[in-house]
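File shown: model-v3.txt. Contents: compact mmCIF, C-alpha atoms.
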# COMPACT_ATOMS: atom_id res chain seq x y z
CA MET A 1 -29.51 18.54 -41.09
CA ALA A 2 -27.72 20.34 -38.28
CA MET A 3 -25.99 18.25 -35.65
CA GLU A 4 -24.35 19.32 -32.43
CA MET A 5 -21.16 17.57 -31.46
CA ARG A 6 -19.12 18.00 -28.36
CA LEU A 7 -15.52 16.87 -28.22
CA PRO A 8 -14.34 14.84 -25.23
CA VAL A 9 -12.97 16.97 -22.41
CA ALA A 10 -11.46 16.03 -19.10
CA ARG A 11 -14.13 15.41 -16.51
CA LYS A 12 -14.28 18.01 -13.76
CA PRO A 13 -13.99 16.51 -10.31
CA LEU A 14 -17.32 16.12 -8.55
CA SER A 15 -16.30 18.36 -5.68
CA GLU A 16 -15.70 21.21 -8.08
CA ARG A 17 -19.05 20.74 -9.77
CA LEU A 18 -20.80 20.71 -6.41
CA GLY A 19 -18.89 23.83 -5.46
CA ARG A 20 -17.81 22.49 -2.09
CA ASP A 21 -14.48 22.82 -0.37
CA THR A 22 -12.87 21.56 2.79
CA LYS A 23 -11.24 23.45 5.60
CA LYS A 24 -9.40 20.42 6.91
CA HIS A 25 -5.68 20.03 6.96
CA LEU A 26 -5.06 17.09 4.64
CA VAL A 27 -1.74 15.25 4.76
CA VAL A 28 0.05 12.39 3.02
CA PRO A 29 2.77 10.16 4.52
CA GLY A 30 6.06 11.94 4.81
CA ASP A 31 4.44 15.34 5.40
CA THR A 32 5.60 17.25 8.43
CA ILE A 33 2.61 18.10 10.60
CA THR A 34 4.44 20.25 13.07
CA THR A 35 7.94 20.90 14.36
CA ASP A 36 6.61 21.85 17.80
CA THR A 37 7.66 19.09 20.21
CA GLY A 38 5.06 20.08 22.78
CA PHE A 39 2.38 17.94 21.14
CA MET A 40 1.58 14.35 21.99
CA ARG A 41 1.46 12.09 18.99
CA GLY A 42 -1.61 9.97 18.29
CA HIS A 43 -2.53 7.43 15.64
CA GLY A 44 -1.34 8.03 12.13
CA THR A 45 1.80 9.91 13.12
CA TYR A 46 5.35 9.12 14.06
CA MET A 47 8.27 11.03 15.42
CA GLY A 48 11.20 11.55 13.09
CA GLU A 49 14.14 13.94 13.55
CA GLU A 50 12.44 16.33 15.97
CA LYS A 51 9.38 16.59 13.73
CA LEU A 52 5.95 15.05 13.85
CA ILE A 53 5.41 13.28 10.53
CA ALA A 54 2.21 11.81 9.13
CA SER A 55 2.16 8.09 8.34
CA VAL A 56 -1.24 7.80 6.64
CA ALA A 57 -3.11 9.87 4.08
CA GLY A 58 -5.98 11.67 5.74
CA SER A 59 -7.01 14.68 7.81
CA VAL A 60 -5.23 16.03 10.87
CA GLU A 61 -7.29 16.10 14.06
CA ARG A 62 -6.18 18.05 17.04
CA VAL A 63 -7.60 17.67 20.51
CA ASN A 64 -5.76 20.07 22.84
CA LYS A 65 -2.25 18.65 22.90
CA LEU A 66 -2.95 15.43 21.01
CA ILE A 67 -2.42 15.33 17.26
CA CYS A 68 -3.55 12.38 15.23
CA VAL A 69 -4.21 11.75 11.57
CA LYS A 70 -7.45 10.05 10.70
CA ALA A 71 -6.92 7.88 7.64
CA LEU A 72 -9.44 8.01 4.85
CA LYS A 73 -10.05 4.29 4.89
CA THR A 74 -9.06 1.65 7.43
CA ARG A 75 -10.27 -1.67 8.67
CA TYR A 76 -12.95 -1.66 11.30
CA ILE A 77 -11.66 -0.35 14.64
CA GLY A 78 -13.95 -1.31 17.49
CA GLU A 79 -15.46 1.30 19.75
CA VAL A 80 -17.27 0.78 23.04
CA GLY A 81 -20.97 0.47 22.41
CA ASP A 82 -20.75 -0.76 18.81
CA ILE A 83 -22.96 -3.61 17.73
CA VAL A 84 -21.08 -6.05 15.53
CA VAL A 85 -21.88 -9.17 13.59
CA GLY A 86 -19.15 -11.78 13.39
CA ARG A 87 -18.42 -15.34 12.48
CA ILE A 88 -16.65 -17.78 14.81
CA THR A 89 -13.31 -18.86 13.35
CA GLU A 90 -11.75 -20.75 16.25
CA VAL A 91 -12.58 -22.34 19.56
CA GLN A 92 -9.71 -21.89 22.01
CA GLN A 93 -9.25 -22.47 25.73
CA LYS A 94 -11.80 -20.32 27.56
CA ARG A 95 -12.51 -18.12 24.51
CA TRP A 96 -13.71 -17.96 20.94
CA LYS A 97 -12.06 -16.07 18.08
CA VAL A 98 -14.52 -14.08 15.99
CA GLU A 99 -13.91 -12.63 12.54
CA THR A 100 -15.21 -9.05 12.35
CA ASN A 101 -13.19 -7.66 9.44
CA SER A 102 -10.88 -5.69 11.71
CA ARG A 103 -7.11 -5.79 12.12
CA LEU A 104 -7.13 -8.76 14.42
CA ASP A 105 -9.78 -11.33 15.15
CA SER A 106 -12.03 -10.29 17.99
CA VAL A 107 -12.21 -12.39 21.14
CA LEU A 108 -15.29 -13.59 22.94
CA LEU A 109 -14.41 -14.76 26.41
CA LEU A 110 -16.20 -17.64 28.03
CA SER A 111 -16.52 -15.57 31.18
CA SER A 112 -18.43 -12.86 29.34
CA MET A 113 -21.03 -15.26 28.07
CA ASN A 114 -24.25 -15.36 30.06
CA LEU A 115 -25.06 -18.82 31.39
CA PRO A 116 -28.55 -20.23 30.92
CA GLY A 117 -30.74 -19.46 33.87
CA GLY A 118 -28.85 -16.27 34.61
CA GLU A 119 -26.59 -17.84 37.23
CA LEU A 120 -23.41 -16.04 38.20
CA ARG A 121 -20.54 -18.39 38.98
CA ARG A 122 -16.97 -19.10 37.98
CA ARG A 123 -16.66 -21.05 34.79
CA SER A 124 -15.48 -24.57 35.53
CA ALA A 125 -13.65 -27.18 33.51
CA GLU A 126 -16.97 -28.66 32.40
CA ASP A 127 -17.99 -25.30 30.97
CA GLU A 128 -14.78 -25.23 28.97
CA LEU A 129 -15.44 -28.65 27.56
CA ALA A 130 -18.99 -27.67 26.71
CA MET A 131 -17.87 -24.59 24.75
CA ARG A 132 -18.20 -26.32 21.44
CA GLY A 133 -21.79 -27.11 22.30
CA PHE A 134 -22.59 -23.40 22.47
CA LEU A 135 -20.68 -22.00 19.50
CA GLN A 136 -18.76 -23.77 16.79
CA GLU A 137 -16.59 -22.65 13.87
CA GLY A 138 -18.76 -21.05 11.22
CA ASP A 139 -21.53 -19.83 13.52
CA LEU A 140 -22.72 -16.25 13.10
CA ILE A 141 -23.17 -14.07 16.16
CA SER A 142 -24.13 -10.52 16.89
CA ASP A 143 -23.04 -8.66 19.96
CA GLY A 144 -23.78 -5.31 21.52
CA GLN A 145 -20.86 -4.79 23.86
CA GLY A 146 -17.54 -3.65 22.50
CA SER A 147 -14.39 -2.79 24.36
CA GLN A 148 -10.85 -2.44 23.14
CA GLY A 149 -8.15 -4.74 24.39
CA HIS A 150 -4.55 -4.42 23.04
CA GLY A 151 -5.58 -3.90 19.45
CA SER A 152 -8.29 -6.49 19.26
CA VAL A 153 -11.92 -6.08 20.10
CA ALA A 154 -13.33 -7.97 23.07
CA LEU A 155 -16.99 -8.82 22.59
CA MET B 1 17.87 -4.69 -34.66
CA ALA B 2 21.37 -3.68 -35.66
CA GLY B 3 22.21 -0.02 -35.58
CA LEU B 4 19.33 1.02 -33.30
CA GLU B 5 20.46 4.28 -31.81
CA LEU B 6 19.49 4.48 -28.18
CA LEU B 7 20.72 8.03 -27.90
CA SER B 8 20.98 10.26 -30.96
CA ASP B 9 23.57 13.00 -31.48
CA GLN B 10 21.01 15.64 -30.52
CA GLY B 11 20.37 13.84 -27.28
CA TYR B 12 17.03 12.18 -28.14
CA ARG B 13 16.13 8.62 -27.23
CA VAL B 14 14.22 6.07 -29.29
CA ASP B 15 10.81 7.36 -28.18
CA GLY B 16 11.80 11.04 -28.43
CA ARG B 17 12.55 11.65 -24.76
CA ARG B 18 15.57 13.40 -23.34
CA ALA B 19 18.06 11.51 -21.18
CA GLY B 20 16.53 12.38 -17.83
CA GLU B 21 12.90 12.51 -18.92
CA LEU B 22 10.25 10.18 -17.51
CA ARG B 23 7.48 8.52 -19.45
CA LYS B 24 3.95 9.78 -19.00
CA ILE B 25 2.54 8.62 -15.67
CA GLN B 26 -1.13 8.27 -14.88
CA ALA B 27 -2.33 6.80 -11.63
CA ARG B 28 -5.59 6.10 -9.85
CA MET B 29 -6.37 4.99 -6.33
CA GLY B 30 -9.32 3.03 -5.05
CA VAL B 31 -9.85 0.96 -8.18
CA PHE B 32 -11.42 -2.07 -6.48
CA ALA B 33 -14.14 -1.87 -3.87
CA GLN B 34 -13.59 -5.35 -2.47
CA ALA B 35 -9.94 -4.95 -1.50
CA ASP B 36 -8.79 -2.84 1.44
CA GLY B 37 -6.62 -0.78 -0.88
CA SER B 38 -5.96 -0.77 -4.59
CA ALA B 39 -4.25 1.36 -7.21
CA TYR B 40 -3.54 1.39 -10.91
CA ILE B 41 -0.58 3.04 -12.57
CA GLU B 42 0.54 3.54 -16.15
CA GLN B 43 4.13 4.46 -16.83
CA GLY B 44 4.31 4.89 -20.58
CA ASN B 45 3.09 1.53 -21.85
CA THR B 46 3.81 -0.36 -18.65
CA LYS B 47 0.63 -0.85 -16.67
CA ALA B 48 0.55 -2.22 -13.16
CA LEU B 49 -2.29 -2.94 -10.80
CA ALA B 50 -1.73 -3.34 -7.08
CA VAL B 51 -4.12 -4.71 -4.52
CA VAL B 52 -3.63 -4.69 -0.76
CA TYR B 53 -5.37 -6.75 1.87
CA GLY B 54 -4.76 -6.12 5.51
CA PRO B 55 -3.74 -5.80 8.17
CA HIS B 56 -5.57 -8.99 9.07
CA GLU B 57 -5.16 -12.03 11.29
CA ILE B 58 -2.59 -14.56 10.14
CA ARG B 59 -4.26 -17.44 8.35
CA GLY B 60 -2.60 -20.76 7.88
CA SER B 61 0.55 -21.35 9.87
CA ARG B 62 0.32 -19.53 13.19
CA ALA B 63 4.03 -20.17 13.69
CA ARG B 64 4.91 -17.49 11.18
CA ALA B 65 3.41 -14.81 13.39
CA LEU B 66 5.99 -12.33 14.61
CA PRO B 67 5.28 -11.15 18.14
CA ASP B 68 6.22 -7.53 17.67
CA ARG B 69 5.47 -6.68 14.08
CA ALA B 70 3.41 -7.40 11.02
CA LEU B 71 4.26 -9.84 8.29
CA VAL B 72 4.37 -8.33 4.82
CA ASN B 73 3.63 -10.74 2.04
CA CYS B 74 4.08 -9.72 -1.58
CA GLN B 75 3.04 -11.61 -4.64
CA TYR B 76 3.89 -10.61 -8.17
CA SER B 77 1.91 -11.88 -11.10
CA SER B 78 2.45 -11.13 -14.74
CA ALA B 79 -0.34 -11.52 -17.24
CA THR B 80 0.22 -13.86 -20.17
CA PHE B 81 -0.57 -11.02 -22.55
CA SER B 82 1.84 -8.59 -20.89
CA THR B 83 4.89 -9.00 -23.13
CA GLY B 84 5.35 -8.99 -26.89
CA GLU B 85 4.96 -12.76 -27.08
CA ARG B 86 2.12 -14.42 -25.24
CA LYS B 87 3.81 -16.55 -22.61
CA ARG B 88 2.17 -18.68 -20.00
CA ARG B 89 3.78 -17.96 -16.66
CA PRO B 90 3.27 -20.61 -14.00
CA HIS B 91 2.76 -19.29 -10.50
CA GLY B 92 5.85 -19.56 -8.38
CA ASP B 93 8.38 -19.41 -11.16
CA ARG B 94 11.78 -17.90 -10.50
CA LYS B 95 11.11 -14.39 -11.79
CA SER B 96 7.84 -14.01 -9.89
CA CYS B 97 9.44 -15.21 -6.68
CA GLU B 98 12.37 -12.87 -7.05
CA MET B 99 10.16 -9.89 -7.76
CA GLY B 100 7.94 -10.80 -4.83
CA LEU B 101 10.95 -10.99 -2.57
CA GLN B 102 12.30 -7.64 -3.75
CA LEU B 103 8.94 -6.00 -3.27
CA ARG B 104 8.70 -7.47 0.20
CA GLN B 105 12.12 -6.13 1.14
CA THR B 106 11.22 -2.73 -0.20
CA PHE B 107 7.97 -2.47 1.70
CA GLU B 108 9.23 -3.91 4.95
CA ALA B 109 11.52 -0.91 5.05
CA ALA B 110 8.69 1.55 4.54
CA ILE B 111 5.64 0.15 6.30
CA LEU B 112 5.53 0.74 10.03
CA THR B 113 5.05 -2.85 11.09
CA GLN B 114 4.07 -2.54 14.70
CA LEU B 115 1.04 -4.09 16.28
CA HIS B 116 -0.56 -5.46 13.17
CA PRO B 117 0.01 -9.18 12.84
CA ARG B 118 -0.06 -9.42 9.07
CA SER B 119 -0.51 -7.46 5.89
CA GLN B 120 -0.77 -9.01 2.52
CA ILE B 121 0.10 -7.13 -0.67
CA ASP B 122 -0.67 -8.68 -4.02
CA ILE B 123 0.64 -6.94 -7.10
CA TYR B 124 -0.45 -7.72 -10.59
CA VAL B 125 1.27 -6.49 -13.76
CA LEU B 126 -0.98 -5.99 -16.74
CA GLN B 127 1.42 -4.90 -19.43
CA ALA B 128 5.17 -4.99 -19.23
CA ASP B 129 7.03 -2.52 -21.40
CA GLY B 130 10.16 -1.93 -19.40
CA GLY B 131 10.49 -0.75 -15.83
CA THR B 132 8.17 -3.37 -14.34
CA TYR B 133 9.76 -3.27 -10.89
CA ALA B 134 9.43 0.51 -10.71
CA ALA B 135 5.80 0.47 -11.84
CA CYS B 136 5.00 -2.28 -9.33
CA VAL B 137 6.54 -0.38 -6.45
CA ASN B 138 4.75 2.84 -7.39
CA ALA B 139 1.43 1.06 -7.72
CA ALA B 140 1.96 -0.75 -4.43
CA THR B 141 2.76 2.49 -2.62
CA LEU B 142 -0.52 4.00 -3.74
CA ALA B 143 -2.42 0.85 -2.83
CA VAL B 144 -0.91 0.72 0.65
CA LEU B 145 -1.83 4.37 1.14
CA ASP B 146 -5.34 3.66 -0.06
CA ALA B 147 -5.65 0.88 2.52
CA GLY B 148 -4.71 3.23 5.34
CA ILE B 149 -1.68 1.20 6.42
CA PRO B 150 0.84 3.47 8.15
CA MET B 151 4.01 4.06 6.15
CA ARG B 152 7.14 6.01 6.89
CA ASP B 153 6.97 7.81 3.56
CA PHE B 154 6.13 7.20 -0.08
CA VAL B 155 8.25 4.62 -1.84
CA CYS B 156 9.06 5.84 -5.33
CA ALA B 157 11.01 3.78 -7.79
CA CYS B 158 12.60 4.25 -11.16
CA SER B 159 15.02 2.45 -13.42
CA ALA B 160 18.13 3.93 -14.99
CA GLY B 161 20.66 2.87 -17.60
CA PHE B 162 23.90 3.99 -19.11
CA VAL B 163 24.48 4.55 -22.83
CA ASP B 164 27.30 6.46 -24.56
CA GLY B 165 28.50 8.13 -21.40
CA THR B 166 25.01 9.42 -20.52
CA ALA B 167 22.75 8.15 -17.79
CA LEU B 168 19.20 7.48 -19.01
CA ALA B 169 16.24 7.51 -16.64
CA ASP B 170 13.11 5.36 -16.86
CA LEU B 171 14.03 2.73 -19.42
CA SER B 172 11.49 1.36 -21.84
CA HIS B 173 11.49 -2.23 -23.07
CA VAL B 174 13.54 -1.41 -26.19
CA GLU B 175 16.25 0.20 -24.08
CA GLU B 176 16.26 -2.67 -21.59
CA ALA B 177 16.48 -5.28 -24.31
CA ALA B 178 19.52 -3.56 -25.83
CA GLY B 179 21.55 -5.16 -23.08
CA GLY B 180 23.23 -2.22 -21.39
CA PRO B 181 23.60 -1.90 -17.61
CA GLN B 182 20.36 -1.16 -15.79
CA LEU B 183 19.71 -0.13 -12.25
CA ALA B 184 16.46 -0.20 -10.30
CA LEU B 185 16.17 2.17 -7.39
CA ALA B 186 13.44 2.52 -4.76
CA LEU B 187 13.67 5.66 -2.69
CA LEU B 188 11.94 7.22 0.31
CA PRO B 189 11.91 10.80 -1.04
CA ALA B 190 11.53 12.88 2.12
CA SER B 191 14.65 11.52 3.77
CA GLY B 192 16.46 10.43 0.62
CA GLN B 193 16.92 6.94 2.03
CA ILE B 194 17.24 4.03 -0.37
CA ALA B 195 14.79 1.19 0.20
CA LEU B 196 16.19 -1.06 -2.51
CA LEU B 197 18.93 -0.82 -5.12
CA GLU B 198 19.27 -3.56 -7.66
CA MET B 199 21.58 -4.06 -10.60
CA ASP B 200 22.82 -7.23 -12.19
CA ALA B 201 24.99 -6.00 -15.02
CA ARG B 202 28.54 -4.76 -15.19
CA LEU B 203 29.08 -1.07 -14.73
CA HIS B 204 32.36 0.72 -14.10
CA GLU B 205 32.37 2.27 -10.65
CA ASP B 206 33.25 5.68 -12.07
CA HIS B 207 29.85 5.76 -13.75
CA LEU B 208 27.85 4.47 -10.81
CA GLU B 209 27.55 7.89 -9.18
CA ARG B 210 25.97 9.43 -12.26
CA VAL B 211 23.54 6.61 -12.92
CA LEU B 212 22.50 6.55 -9.28
CA GLU B 213 21.91 10.29 -9.34
CA ALA B 214 19.82 10.02 -12.51
CA ALA B 215 17.70 7.29 -10.95
CA ALA B 216 17.31 9.26 -7.71
CA GLN B 217 16.23 12.39 -9.55
CA ALA B 218 13.74 10.40 -11.60
CA ALA B 219 12.35 8.81 -8.42
CA ARG B 220 11.91 12.26 -6.92
CA ASP B 221 10.04 13.33 -10.06
CA VAL B 222 7.79 10.30 -9.71
CA HIS B 223 7.17 11.32 -6.11
CA THR B 224 5.99 14.75 -7.22
CA LEU B 225 3.44 13.12 -9.49
CA LEU B 226 2.23 10.50 -7.03
CA ASP B 227 2.01 13.12 -4.31
CA ARG B 228 -0.30 15.16 -6.50
CA VAL B 229 -2.48 12.13 -7.25
CA VAL B 230 -2.82 11.19 -3.57
CA ARG B 231 -3.57 14.72 -2.43
CA GLN B 232 -6.24 15.10 -5.06
CA HIS B 233 -7.80 11.77 -4.13
CA VAL B 234 -7.81 12.57 -0.41
CA ARG B 235 -9.21 16.03 -1.01
CA GLU B 236 -11.94 14.72 -3.30
CA ALA B 237 -12.96 11.98 -0.88
CA SER B 238 -12.84 14.33 2.08
CA ILE B 239 -15.07 16.87 0.39
CA LEU B 240 -17.58 14.30 -0.82
CA LEU B 241 -17.76 12.62 2.58
CA GLY B 242 -18.61 16.10 3.78
CA ASP B 243 -17.71 16.92 7.36
Can the structure from this file be put into structure tokens for me?
Amino acid sequence: MAMEMRLPVARKPLSERLGRDTKKHLVVPGDTITTDTGFMRGHGTYMGEEKLIASVAGSVERVNKLICVKALKTRYIGEVGDIVVGRITEVQQKRWKVETNSRLDSVLLLSSMNLPGGELRRRSAEDELAMRGFLQEGDLISDGQGSQGHGSVAL
Amino acid sequence: MAGLELLSDQGYRVDGRRAGELRKIQARMGVFAQADGSAYIEQGNTKALAVVYGPHEIRGSRARALPDRALVNCQYSSATFSTGERKRRPHGDRKSCEMGLQLRQTFEAAILTQLHPRSQIDIYVLQADGGTYAACVNAATLAVLDAGIPMRDFVCACSAGFVDGTALADLSHVEEAAGGPQLALALLPASGQIALLEMDARLHEDHLERVLEAAAQAARDVHTLLDRVVRQHVREASILLGD
């Protein structure tokens, strides 16, 4: 009885089997991106000894004079217009802290919450005291307005 | 074991390596899907697994938050089956704490702790066969890279010893147990800066230069290997994500 046997061989990477390649400039931390000081440095880079050095592993993106390195994988970074789902972790003075799996907890300001009846007025002390009545720790919310504020997302 | 020759007349060590030769290193990034970053490394028979969470909001005591930089928290855990004898290691014992502290010092030097309030790095050792600190640091470097946390440079570590007037690089458990002086070095290869240097044995200062150089060269060799692993991983992921 004839039998065919194949010995184990190292698996070829998927990209090779698919026959694809990338034209991007891929860097790892410690790599010099450029020695030209005319460029502005963006995220994922830092200045060291007259050279622009990468600080994350990813692809280099250049927009005119701005060079940044987009990391392969990071925590969620909020962009304007994103819709997010989050869970309330804390009730603070005039705002709620929402967990959205990003670098810092997102903030939901009392002033950005629409009052019932659609009235537009300054939030008073009674509104602050009633905050817990609206949203408590553990509640799940979803929001469609995102804007960056010093590293954390403001909903 | 009386009469165990750590270095033979022909210059071979117990496991057949030369004085400056490293053990076989295999590494993988992105081992766990749940963690922000993870990596697995094998250095000879020493296997280490590193898992990184962060940067994330400080939980627990808000007072520990530093206003201008992130808090790096390292935890070292050794499996009960990791050494020759099965030993139950309670959490928070002296050795784990010391290792955790050393790892924290090493990574605080390398991670660019700026706006992020806190990063947590948990490192787990699966099998300890000599050079556990070095394997932990190498695994943690890959895990931090996998998580996308900005770092100044790779952190590559290696151990070194001194036997019969020759500096040995990358000690295995047998060589460590023999009781000679051993040095652990963590290096940032691009600039040659030392992140951590640790030795708690007696070594004559005339020999220090040589042992340090052997450890530094071995760390640079480790860097070459890790660099290749990271580049391949990034390239593979970049191609498959297809842009």
For chain A against chain B, with a cut-off of 9 Å and counting all atoms listed in the file, what is the closest atom pair and its distance in Å to one decimal for every residue that makes the cut, ordered by chain and number, as CSV?
residue,atom,partner,partner_atom,distance
A:Pro13,CA,B:Glu236,CA,7.5
A:Leu14,CA,B:Glu236,CA,7.6
A:Ser15,CA,B:Glu236,CA,6.2
A:Glu16,CA,B:Glu236,CA,8.9
A:Arg20,CA,B:Ile239,CA,6.7
A:Asp21,CA,B:Ile239,CA,6.0
A:Thr22,CA,B:Ile239,CA,5.7
A:Lys24,CA,B:Ser238,CA,8.5
A:Leu26,CA,B:Arg235,CA,7.1
A:Val27,CA,B:Arg231,CA,7.4
A:Val28,CA,B:Arg231,CA,6.9
A:Pro29,CA,B:Asp153,CA,4.9
A:Gly30,CA,B:Asp153,CA,4.4
A:Asp31,CA,B:Asp153,CA,8.2
A:Gly44,CA,B:Pro150,CA,6.4
A:Thr45,CA,B:Pro150,CA,8.2
A:Tyr46,CA,B:Arg152,CA,8.0
A:Ile53,CA,B:Arg152,CA,8.3
A:Ala54,CA,B:Arg152,CA,7.9
A:Ser55,CA,B:Pro150,CA,4.8
A:Val56,CA,B:Pro150,CA,5.0
A:Ala57,CA,B:Leu145,CA,6.4
A:Gly58,CA,B:Val234,CA,6.5
A:Ser59,CA,B:Ser238,CA,8.2
A:Ala71,CA,B:Gly148,CA,5.6
A:Leu72,CA,B:Gly148,CA,6.7
A:Lys73,CA,B:Gly148,CA,5.5
A:Thr74,CA,B:Gly148,CA,5.1
A:Arg75,CA,B:Asp36,CA,7.5
A:Glu99,CA,B:Glu57,CA,8.9
A:Asn101,CA,B:His56,CA,7.7
A:Ser102,CA,B:His56,CA,6.8
A:Arg103,CA,B:His56,CA,4.7
A:Leu104,CA,B:Glu57,CA,4.9
A:Asp105,CA,B:Glu57,CA,6.1
A:His150,CA,B:Leu115,CA,8.8
A:Gly151,CA,B:Leu115,CA,7.3
Exercise for review: For CA of Val222 in chain B and CA of Cys156 in chain B, determine how far apart the two atoms are, in Å to one decimal place.
Suggested key: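 It comes out at 6.4 Å.
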**Request:** Have a look at CA of Ile194 in chain B and CA of Tyr76 in chain B and let me know their distance in Å, one decimal.
**Result:**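 According to the coordinates, CA of Ile194 in chain B and CA of Tyr76 in chain B are separated by 21.3 Å.
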> If I put a ball of radius 6 Å at (19.5, 7.0, -14.5) in the file's coordinates, which residues poke into it when counting only C-alpha atoms, written as a list of chain:residue names?
Replying inline: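 These residues have at least one counted atom within 6 Å: B:Ala160, B:Gly161, B:Ala167, B:Leu168, B:Ala169, B:Val211, B:Ala214, B:Ala215.
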One number please: CA of Arg69 in chain B to CA of Arg104 in chain B, in Å, one decimal.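 Those two atoms sit 14.3 Å apart.
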Place a sphere of radius 10 Å on (3.5, 0.4, -22.2) in the file coordinates and name every protein, DNA or RNA residue with an atom inside or on its surface, counting only C-alpha atoms; give the answer as a compact mmCIF listing (two decimals) with C-alpha atoms, in the frame of the given file.
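Result file part.txt:
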# COMPACT_ATOMS: atom_id res chain seq x y z
CA ARG B 23 7.48 8.52 -19.45
CA LYS B 24 3.95 9.78 -19.00
CA GLU B 42 0.54 3.54 -16.15
CA GLN B 43 4.13 4.46 -16.83
CA GLY B 44 4.31 4.89 -20.58
CA ASN B 45 3.09 1.53 -21.85
CA THR B 46 3.81 -0.36 -18.65
CA LYS B 47 0.63 -0.85 -16.67
CA ALA B 48 0.55 -2.22 -13.16
CA SER B 82 1.84 -8.59 -20.89
CA THR B 83 4.89 -9.00 -23.13
CA LEU B 126 -0.98 -5.99 -16.74
CA GLN B 127 1.42 -4.90 -19.43
CA ALA B 128 5.17 -4.99 -19.23
CA ASP B 129 7.03 -2.52 -21.40
CA GLY B 130 10.16 -1.93 -19.40
CA GLY B 131 10.49 -0.75 -15.83
CA THR B 132 8.17 -3.37 -14.34
CA SER B 172 11.49 1.36 -21.84
CA HIS B 173 11.49 -2.23 -23.07
